[in-house]
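Read through the structure below, which is laid out as structure tokens, and then see the notes.
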2 protein chains.
Amino acid sequence: MKKSIKLTPIGVIHSPYTEPADIHPLRSRFIKGSIEIFPEYAKGLKDIDGFSHIYVLWHFHLSEKVDLLTSPLMEPKPKRGTFATRTPHRPNHIGLTVVRLLKRERSILHIKGVDMVEGTPVLDLKPYTRRDRRSHIRLGWLDEVERRER
Amino acid sequence: MKKSIKLTPIGVIHSPYTEPADIHPLRSRFIKGSIEIFPEYAKGLKDIDGFSHIYVLWHFHLSEKVDLLTSPLMEPKPKRGTFATRTPHRPNHIGLTVVRLLKRERSILHIKGVDMVEGTPVLDLKPYTRRDRRSHIRLGWLDEVERRER
């Protein structure tokens with residue numbers, strides 16, 4: 001049950017960001033970039049153009065650290081449980097981002113909403129569907145931080 | 001860049017489903033179950049209770065097949081590109097589900113929206129935030145299928 005799982009990148013992110021420190025989670029919503037899917041996986045992109053939004057699963061390849069408690073960027077104290085944040089320093093270094101799919105050119109996807117650095121390995125793409133859209137959400141510590149910032 | 005990535009499960013899903021064939025993507029929204037996080041990762045659950053919805057990243061541990069084109073359950077023909085579907089038979093066998101977090105009891109999370117089988121390895125949990133909520137979405141082939149079913 002606890003045996004390890006091996007993943008292989010299917011592509012790579014092209015991003016204007018070169019340093020993780022430059023990425024701001026809220027501003028990144030407007031940042032454009034692209035996903036280059038490696039030729040051996042390109043066939044799997046059929047029909048993806050129909051979706052306005054896709055999930056990108058990617059590898060936090062610059063982090064080798066694992067924290068179970070972490071200091072969020074928006075409010076460093078108190079520390080929060082890692083699974084209640086989107087920190088890179090997680091037990092399994094997987095990142096998840098919803099991006100807008102602007103255009104496909106063969107095996108290149110032009111996207112908006114880039115919060116990864118140039119060269120980030122891509123692990124999977126999935127369509128964003130109605131089941132992923134939740135209207136009434138509660139956001140715990142994030143709600144408190146945002147309320148205070150208003 | 002294409003070096004492989006190793007993941008280790010942080011927990012396991014408890015589900016009323018024992019067979020993948022019994023899982024219906026739309027009905028599963030109402031199915032209750034739980035996530036058991038292994039003791040060594042439990043500290044990372046701090047603050048998670050504040051969130052109404054979380055992402056579960058999990059391992060399609062029963063699939064060893066990789067398809068780049070796949071026959072969706074809802075409409076088997078034509079075949080669709082794997083990255084335009086949520087099929088288990090993907091290059092990296094990672095599943096992604098938004099679940100409602102009902103209650104936390106120590107390292108057990110009671111959830112609603114289970115579309116995994118009993119014993120599914122859990123890889124990561126992330127809070128579902130405002131950035132994950134997209135209101136105007138286009139759903140490509142899925143829109144067509146749903147329109148025809150109405």
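Just so we're on the same page: first chain in the structure tokens is A, next is B, and so on; residues restart at 1 for each chain, and ligands are numbered from 1 in the order they show up.
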### Message
Please list as a PyMOL selection string every residue within 6 Å of Ser52 of chain A, counting only C-alpha atoms and excluding residues in the same chain fewer than 5 positions away.
### Response
(chain A and resi 100-101) or (chain B and resi 137-138)
Once chain A has been least-squares superposed onto chain B, matching all their Cα atoms in order, can you return it as a short mmCIF file (atom, residue, chain, number, x, y, z; two decimals) with C-alpha atoms, in the first residue's frame?
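Dumped everything to result.cif:
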data_model
loop_
_atom_site.label_atom_id
_atom_site.label_comp_id
_atom_site.auth_asym_id
_atom_site.auth_seq_id
_atom_site.Cartn_x
_atom_site.Cartn_y
_atom_site.Cartn_z
CA MET A 1 14.51 17.45 -17.46
CA LYS A 2 12.83 14.12 -18.20
CA LYS A 3 14.15 12.39 -15.12
CA SER A 4 11.53 10.47 -13.21
CA ILE A 5 9.86 11.59 -10.00
CA LYS A 6 9.13 9.37 -7.01
CA LEU A 7 6.03 9.77 -4.88
CA THR A 8 5.00 8.12 -1.61
CA PRO A 9 1.38 7.81 -0.41
CA ILE A 10 0.47 10.04 2.56
CA GLY A 11 -2.79 8.22 3.29
CA VAL A 12 -5.58 6.03 1.99
CA ILE A 13 -9.20 6.45 0.88
CA HIS A 14 -12.06 4.64 2.59
CA SER A 15 -14.93 4.32 0.17
CA PRO A 16 -18.16 2.36 -0.25
CA TYR A 17 -16.94 1.51 -3.76
CA THR A 18 -14.87 -1.62 -4.14
CA GLU A 19 -14.95 -1.85 -7.94
CA PRO A 20 -13.97 0.96 -10.34
CA ALA A 21 -16.85 -0.11 -12.62
CA ASP A 22 -19.40 0.90 -9.94
CA ILE A 23 -18.26 4.52 -9.83
CA HIS A 24 -20.43 6.96 -11.72
CA PRO A 25 -18.79 10.38 -12.09
CA LEU A 26 -22.04 12.31 -11.57
CA ARG A 27 -23.61 10.21 -8.82
CA SER A 28 -20.34 10.15 -6.85
CA ARG A 29 -20.89 13.77 -5.86
CA PHE A 30 -23.20 12.55 -3.08
CA ILE A 31 -21.13 9.58 -1.91
CA LYS A 32 -19.55 9.79 1.52
CA GLY A 33 -16.27 8.28 2.64
CA SER A 34 -13.10 9.25 4.45
CA ILE A 35 -9.41 9.94 4.05
CA GLU A 36 -7.06 8.34 6.56
CA ILE A 37 -3.81 10.27 6.72
CA PHE A 38 -0.84 8.24 7.94
CA PRO A 39 0.45 9.30 11.42
CA GLU A 40 3.76 10.67 10.11
CA TYR A 41 1.88 13.25 7.98
CA ALA A 42 -0.94 14.12 10.40
CA LYS A 43 0.73 17.37 11.55
CA GLY A 44 0.21 18.76 8.03
CA LEU A 45 -3.60 18.66 8.55
CA LYS A 46 -3.55 21.67 10.93
CA ASP A 47 -5.98 24.38 9.71
CA ILE A 48 -7.51 22.18 7.00
CA ASP A 49 -10.84 22.11 8.90
CA GLY A 50 -11.47 25.73 7.89
CA PHE A 51 -11.92 24.81 4.25
CA SER A 52 -15.25 23.57 2.93
CA HIS A 53 -13.68 21.90 -0.11
CA ILE A 54 -10.32 20.29 -0.74
CA TYR A 55 -8.52 18.72 -3.66
CA VAL A 56 -7.52 15.11 -3.28
CA LEU A 57 -4.66 13.95 -5.50
CA TRP A 58 -4.58 10.19 -5.60
CA HIS A 59 -3.07 7.24 -7.40
CA PHE A 60 -5.02 5.24 -10.00
CA HIS A 61 -3.37 2.19 -8.45
CA LEU A 62 -5.54 -0.33 -10.32
CA SER A 63 -4.54 0.93 -13.77
CA GLU A 64 -1.26 0.02 -15.38
CA LYS A 65 -2.47 0.85 -18.86
CA VAL A 66 -1.53 4.02 -20.73
CA ASP A 67 -3.83 5.18 -23.52
CA LEU A 68 -3.36 8.42 -25.42
CA LEU A 69 -6.83 8.04 -26.94
CA THR A 70 -9.70 6.77 -24.83
CA SER A 71 -13.40 5.85 -25.00
CA PRO A 72 -15.31 7.97 -22.47
CA LEU A 73 -17.95 6.23 -20.36
CA MET A 74 -20.60 8.78 -21.33
CA GLU A 75 -20.10 8.30 -25.06
CA PRO A 76 -17.65 5.61 -26.20
CA LYS A 77 -17.28 6.86 -29.77
CA PRO A 78 -15.40 8.72 -31.13
CA LYS A 79 -12.32 8.21 -29.00
CA ARG A 80 -11.09 11.35 -27.25
CA GLY A 81 -7.60 12.52 -26.41
CA THR A 82 -6.70 11.32 -22.91
CA PHE A 83 -5.81 14.84 -21.72
CA ALA A 84 -9.35 15.93 -22.69
CA THR A 85 -10.80 13.28 -20.31
CA ARG A 86 -10.42 12.13 -16.72
CA THR A 87 -9.66 8.48 -17.64
CA PRO A 88 -7.41 6.47 -15.28
CA HIS A 89 -5.34 5.19 -18.19
CA ARG A 90 -3.05 8.24 -18.42
CA PRO A 91 0.71 8.54 -18.80
CA ASN A 92 1.00 9.41 -15.10
CA HIS A 93 -1.71 7.65 -13.14
CA ILE A 94 -2.81 10.56 -10.96
CA GLY A 95 -6.45 11.23 -10.13
CA LEU A 96 -7.84 14.56 -8.99
CA THR A 97 -11.14 15.13 -7.16
CA VAL A 98 -12.73 18.10 -5.43
CA VAL A 99 -14.45 16.84 -2.29
CA ARG A 100 -16.54 18.48 0.40
CA LEU A 101 -14.78 18.31 3.78
CA LEU A 102 -17.48 17.40 6.31
CA LYS A 103 -15.49 16.89 9.49
CA ARG A 104 -12.03 16.14 10.76
CA GLU A 105 -11.38 13.62 13.52
CA ARG A 106 -7.63 13.69 14.27
CA SER A 107 -6.06 12.25 11.13
CA ILE A 108 -9.35 11.11 9.55
CA LEU A 109 -11.15 13.46 7.17
CA HIS A 110 -14.81 12.72 6.53
CA ILE A 111 -15.66 13.73 2.98
CA LYS A 112 -18.48 13.83 0.43
CA GLY A 113 -17.87 13.35 -3.29
CA VAL A 114 -15.96 10.07 -3.28
CA ASP A 115 -15.14 8.72 -6.75
CA MET A 116 -12.31 6.43 -5.72
CA VAL A 117 -12.37 2.79 -4.59
CA GLU A 118 -11.61 1.54 -1.08
CA GLY A 119 -7.86 1.47 -0.48
CA THR A 120 -6.88 4.12 -3.04
CA PRO A 121 -3.49 5.68 -2.12
CA VAL A 122 -3.65 9.43 -1.43
CA LEU A 123 -0.75 11.57 -2.67
CA ASP A 124 -1.65 15.10 -1.63
CA LEU A 125 -4.38 17.35 -0.23
CA LYS A 126 -4.74 21.01 -1.18
CA PRO A 127 -7.27 23.65 -0.17
CA TYR A 128 -9.81 24.62 -2.84
CA THR A 129 -9.56 28.42 -3.13
CA ARG A 130 -11.09 31.30 -5.09
CA ARG A 131 -8.49 30.85 -7.84
CA ASP A 132 -9.87 27.35 -8.47
CA ARG A 133 -13.41 28.57 -9.04
CA ARG A 134 -14.08 29.52 -12.66
CA SER A 135 -17.56 30.64 -13.57
CA HIS A 136 -17.54 30.90 -17.35
CA ILE A 137 -16.32 27.61 -18.72
CA ARG A 138 -16.50 25.87 -22.07
CA LEU A 139 -16.51 22.07 -22.03
CA GLY A 140 -15.82 20.91 -25.58
CA TRP A 141 -17.02 17.37 -26.33
CA LEU A 142 -18.62 17.11 -22.87
CA ASP A 143 -20.93 20.04 -23.64
CA GLU A 144 -22.06 18.31 -26.83
CA VAL A 145 -22.76 15.02 -25.03
CA GLU A 146 -24.73 16.73 -22.28
CA ARG A 147 -26.73 18.80 -24.75
CA ARG A 148 -27.74 15.65 -26.58
CA GLU A 149 -28.75 13.91 -23.33
CA ARG A 150 -31.08 16.67 -22.23
#
### Message
Based on the backbone DSSP call, show me all residues of segment 22-65 of chain B assigned strand (DSSP E or B), as a ChimeraX atom specification.
### Response
/B:32-37,51,53-59
What does the file look like for those residues with C-alpha atoms, as a PDB file, in the first residue's frame?
ATOM      1  CA  LYS B  32     -19.555   9.788   1.544  1.00  0.00           C
ATOM      2  CA  GLY B  33     -16.261   8.279   2.650  1.00  0.00           C
ATOM      3  CA  SER B  34     -13.096   9.252   4.455  1.00  0.00           C
ATOM      4  CA  ILE B  35      -9.408   9.942   4.052  1.00  0.00           C
ATOM      5  CA  GLU B  36      -7.064   8.341   6.567  1.00  0.00           C
ATOM      6  CA  ILE B  37      -3.804  10.289   6.708  1.00  0.00           C
ATOM      7  CA  PHE B  51     -11.920  24.818   4.243  1.00  0.00           C
ATOM      8  CA  HIS B  53     -13.683  21.906  -0.101  1.00  0.00           C
ATOM      9  CA  ILE B  54     -10.322  20.296  -0.730  1.00  0.00           C
ATOM     10  CA  TYR B  55      -8.517  18.725  -3.657  1.00  0.00           C
ATOM     11  CA  VAL B  56      -7.520  15.109  -3.282  1.00  0.00           C
ATOM     12  CA  LEU B  57      -4.669  13.948  -5.501  1.00  0.00           C
ATOM     13  CA  TRP B  58      -4.584  10.189  -5.611  1.00  0.00           C
ATOM     14  CA  HIS B  59      -3.070   7.241  -7.401  1.00  0.00           C
TER      15      HIS B  59
END
